[in-house]
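Text of entry.cif (mmCIF, C-alpha atoms) as supplied:
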data_data
#
loop_
_atom_site.group_PDB
_atom_site.id
_atom_site.type_symbol
_atom_site.label_atom_id
_atom_site.label_comp_id
_atom_site.auth_asym_id
_atom_site.auth_seq_id
_atom_site.Cartn_x
_atom_site.Cartn_y
_atom_site.Cartn_z
ATOM 1 C CA LEU A 19 97.754 100.502 108.779
ATOM 2 C CA HIS A 20 95.569 100.508 111.841
ATOM 3 C CA PRO A 21 93.263 103.551 112.166
ATOM 4 C CA SER A 22 94.636 104.345 115.610
ATOM 5 C CA THR A 23 98.112 104.920 114.122
ATOM 6 C CA LEU A 24 97.081 107.248 111.264
ATOM 7 C CA HIS A 25 98.106 110.326 113.237
ATOM 8 C CA THR A 26 101.718 109.095 113.054
ATOM 9 C CA VAL A 27 101.723 108.507 109.285
ATOM 10 C CA ASP A 28 103.771 110.951 107.210
ATOM 11 C CA HIS A 29 101.933 113.445 104.945
ATOM 12 C CA ASP A 30 103.354 111.936 101.759
ATOM 13 C CA HIS A 31 102.529 108.295 102.597
ATOM 14 C CA PRO A 32 100.576 106.506 99.781
ATOM 15 C CA VAL A 33 97.672 105.771 102.133
ATOM 16 C CA TRP A 34 96.614 109.422 101.880
ATOM 17 C CA LYS A 35 96.229 109.225 98.086
ATOM 18 C CA ILE A 36 93.775 106.379 98.530
ATOM 19 C CA GLN A 37 91.848 108.160 101.283
ATOM 20 C CA THR A 38 91.636 111.444 99.380
ATOM 21 C CA TYR A 39 90.391 109.615 96.292
ATOM 22 C CA TYR A 40 87.515 108.129 98.324
ATOM 23 C CA ILE A 41 86.741 111.542 99.819
ATOM 24 C CA ALA A 42 86.738 113.006 96.314
ATOM 25 C CA GLN A 43 84.314 110.342 95.101
ATOM 26 C CA LEU A 44 81.950 111.261 97.923
ATOM 27 C CA CYS A 45 82.248 114.951 97.035
ATOM 28 C CA VAL A 46 81.551 114.233 93.346
ATOM 29 C CA ALA A 47 78.458 112.232 94.292
ATOM 30 C CA ILE A 48 77.235 115.131 96.438
ATOM 31 C CA ILE A 49 77.978 117.628 93.657
ATOM 32 C CA CYS A 50 76.182 115.575 90.995
ATOM 33 C CA LEU A 51 73.163 114.646 93.114
ATOM 34 C CA THR A 52 72.479 117.921 94.904
ATOM 35 C CA SER A 53 72.813 121.647 94.422
ATOM 36 C CA VAL A 54 74.805 122.512 97.517
ATOM 37 C CA GLN A 55 76.533 125.860 97.757
ATOM 38 C CA ARG A 56 79.473 124.432 99.681
ATOM 39 C CA ILE A 57 80.766 121.128 101.015
ATOM 40 C CA VAL A 58 82.159 121.316 104.551
ATOM 41 C CA ILE A 59 84.224 118.376 105.764
ATOM 42 C CA GLY A 60 85.577 118.148 109.272
ATOM 43 C CA GLY A 61 86.683 115.982 112.096
ATOM 44 C CA GLY A 62 89.185 113.177 112.470
ATOM 45 C CA LEU A 63 90.966 112.501 109.225
ATOM 46 C CA MET A 64 90.298 115.925 107.745
ATOM 47 C CA THR A 65 92.261 117.740 110.435
ATOM 48 C CA ARG A 66 95.200 117.063 108.080
ATOM 49 C CA LYS A 67 94.783 120.141 105.900
ATOM 50 C CA ASN A 68 96.983 118.754 103.108
ATOM 51 C CA LEU A 69 94.257 116.190 102.381
ATOM 52 C CA PHE A 70 92.029 118.938 101.018
ATOM 53 C CA ARG A 71 94.525 119.834 98.309
ATOM 54 C CA HIS A 72 94.670 116.225 97.142
ATOM 55 C CA SER A 73 90.893 115.807 97.367
ATOM 56 C CA HIS A 74 90.396 118.949 95.284
ATOM 57 C CA LYS A 75 92.655 117.582 92.545
ATOM 58 C CA HIS A 76 90.847 114.248 92.532
ATOM 59 C CA VAL A 77 87.428 115.948 92.322
ATOM 60 C CA GLN A 78 88.553 117.956 89.307
ATOM 61 C CA GLN A 79 90.007 114.862 87.653
ATOM 62 C CA ILE A 80 86.887 112.772 88.271
ATOM 63 C CA LEU A 81 84.546 115.493 86.984
ATOM 64 C CA ASN A 82 86.850 116.151 84.012
ATOM 65 C CA GLY A 83 84.856 119.192 82.902
ATOM 66 C CA TYR A 84 81.500 117.345 83.086
ATOM 67 C CA LEU A 85 79.926 120.238 84.947
ATOM 68 C CA HIS A 86 80.491 123.818 83.855
ATOM 69 C CA VAL A 87 80.647 125.328 87.313
ATOM 70 C CA PRO A 88 83.430 127.937 87.528
ATOM 71 C CA VAL A 89 83.974 127.509 91.283
ATOM 72 C CA LEU A 90 84.888 123.830 90.735
ATOM 73 C CA ILE A 91 87.643 124.877 88.352
ATOM 74 C CA GLU A 92 88.839 128.245 89.625
ATOM 75 C CA ASN A 93 88.122 128.245 93.363
ATOM 76 C CA ILE A 94 87.522 124.666 94.440
ATOM 77 C CA ASP A 95 89.287 125.438 97.720
ATOM 78 C CA GLU A 96 86.348 127.761 98.507
ATOM 79 C CA TYR A 97 83.764 125.111 97.556
ATOM 80 C CA ILE A 98 85.106 122.074 99.426
ATOM 81 C CA VAL A 99 86.294 123.453 102.725
ATOM 82 C CA PRO A 100 87.393 122.327 106.181
ATOM 83 C CA SER A 101 85.036 122.811 109.108
ATOM 84 C CA LYS A 102 85.822 125.829 111.242
ATOM 85 C CA LEU A 103 85.152 123.601 114.252
ATOM 86 C CA ASP A 104 88.092 121.322 113.359
ATOM 87 C CA ASP A 105 87.715 118.161 115.435
ATOM 88 C CA ARG A 106 84.953 119.536 117.667
ATOM 89 C CA ILE A 107 81.954 118.514 115.552
ATOM 90 C CA GLY A 108 79.131 116.082 116.166
ATOM 91 C CA ILE A 109 77.668 115.018 119.470
ATOM 92 C CA GLN A 110 79.915 115.784 122.423
#
Whole structure, structure tokens version:
Amino acid sequence: LHPSTLHTVDHDHPVWKIQTYYIAQLCVAIICLTSVQRIVIGGGLMTRKNLFRHSHKHVQQILNGYLHVPVLIENIDEYIVPSKLDDRIGIQ
């Protein structure tokens, strides 16, 4: 798939499982290396809100209880969140 055609790809296409797994790996690295209170992801790809649900599941699977942080288990959707600016972030 060419990046310029991703906006036409269906929500349940296998490409999204791969992308959300990579996003989850990034989130796990951030979680393990820093003490952030929240991870905010926005722009481009992440305007597809269903990707957050899949990323959350992958993060929990990768961590597999390694960290005892209740928010990662009970309220991960409040810890890894979409930007309120949607696709209007960065230099414009």
- Task: For range 28-36 of chain A, list every protein, DNA or RNA residue within 8 Å, evaluated using only C-alpha atoms, and leave out those in the same chain fewer than 5 positions away; present the list as number ranges by chain.
- Result: A: 68-69, 72
Please, what is the axis-aligned box for every listed atom of range 69-85 of chain A with 8 Å on each side, as centre and edge lengths in Å to one decimal, as AutoDock Vina command-line options?
--center_x 87.3 --center_y 116.5 --center_z 92.6 --size_x 30.7 --size_y 23.5 --size_z 35.5
Evaluated on this file, the PyMOL selection byres ((chain A and resi 44-56) around 8) picks out some residues - which ones are they, written as a PDB file with C-alpha atoms, in the coordinates of the input?
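Listed below is the output, result-v6.pdb:
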ATOM      1  CA  TYR A  40      87.515 108.129  98.324  1.00  0.00           C
ATOM      2  CA  ILE A  41      86.741 111.542  99.819  1.00  0.00           C
ATOM      3  CA  ALA A  42      86.738 113.006  96.314  1.00  0.00           C
ATOM      4  CA  GLN A  43      84.314 110.342  95.101  1.00  0.00           C
ATOM      5  CA  ILE A  57      80.766 121.128 101.015  1.00  0.00           C
ATOM      6  CA  VAL A  58      82.159 121.316 104.551  1.00  0.00           C
ATOM      7  CA  VAL A  77      87.428 115.948  92.322  1.00  0.00           C
ATOM      8  CA  ILE A  80      86.887 112.772  88.271  1.00  0.00           C
ATOM      9  CA  LEU A  81      84.546 115.493  86.984  1.00  0.00           C
ATOM     10  CA  GLU A  96      86.348 127.761  98.507  1.00  0.00           C
ATOM     11  CA  TYR A  97      83.764 125.111  97.556  1.00  0.00           C
ATOM     12  CA  ILE A  98      85.106 122.074  99.426  1.00  0.00           C
ATOM     13  CA  VAL A  99      86.294 123.453 102.725  1.00  0.00           C
TER      14      VAL A  99
END
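For the set A:Ser101, A:Thr38, A:Thr26, A:Asn93, the residue with the smallest atom-to-atom gap to Phe70 in chain A is A:Thr38, counting all atoms listed in the file.
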- Item | Distance in Å - CA of Gly60 in chain A versus CA of Pro100 in chain A | 5.5 Å
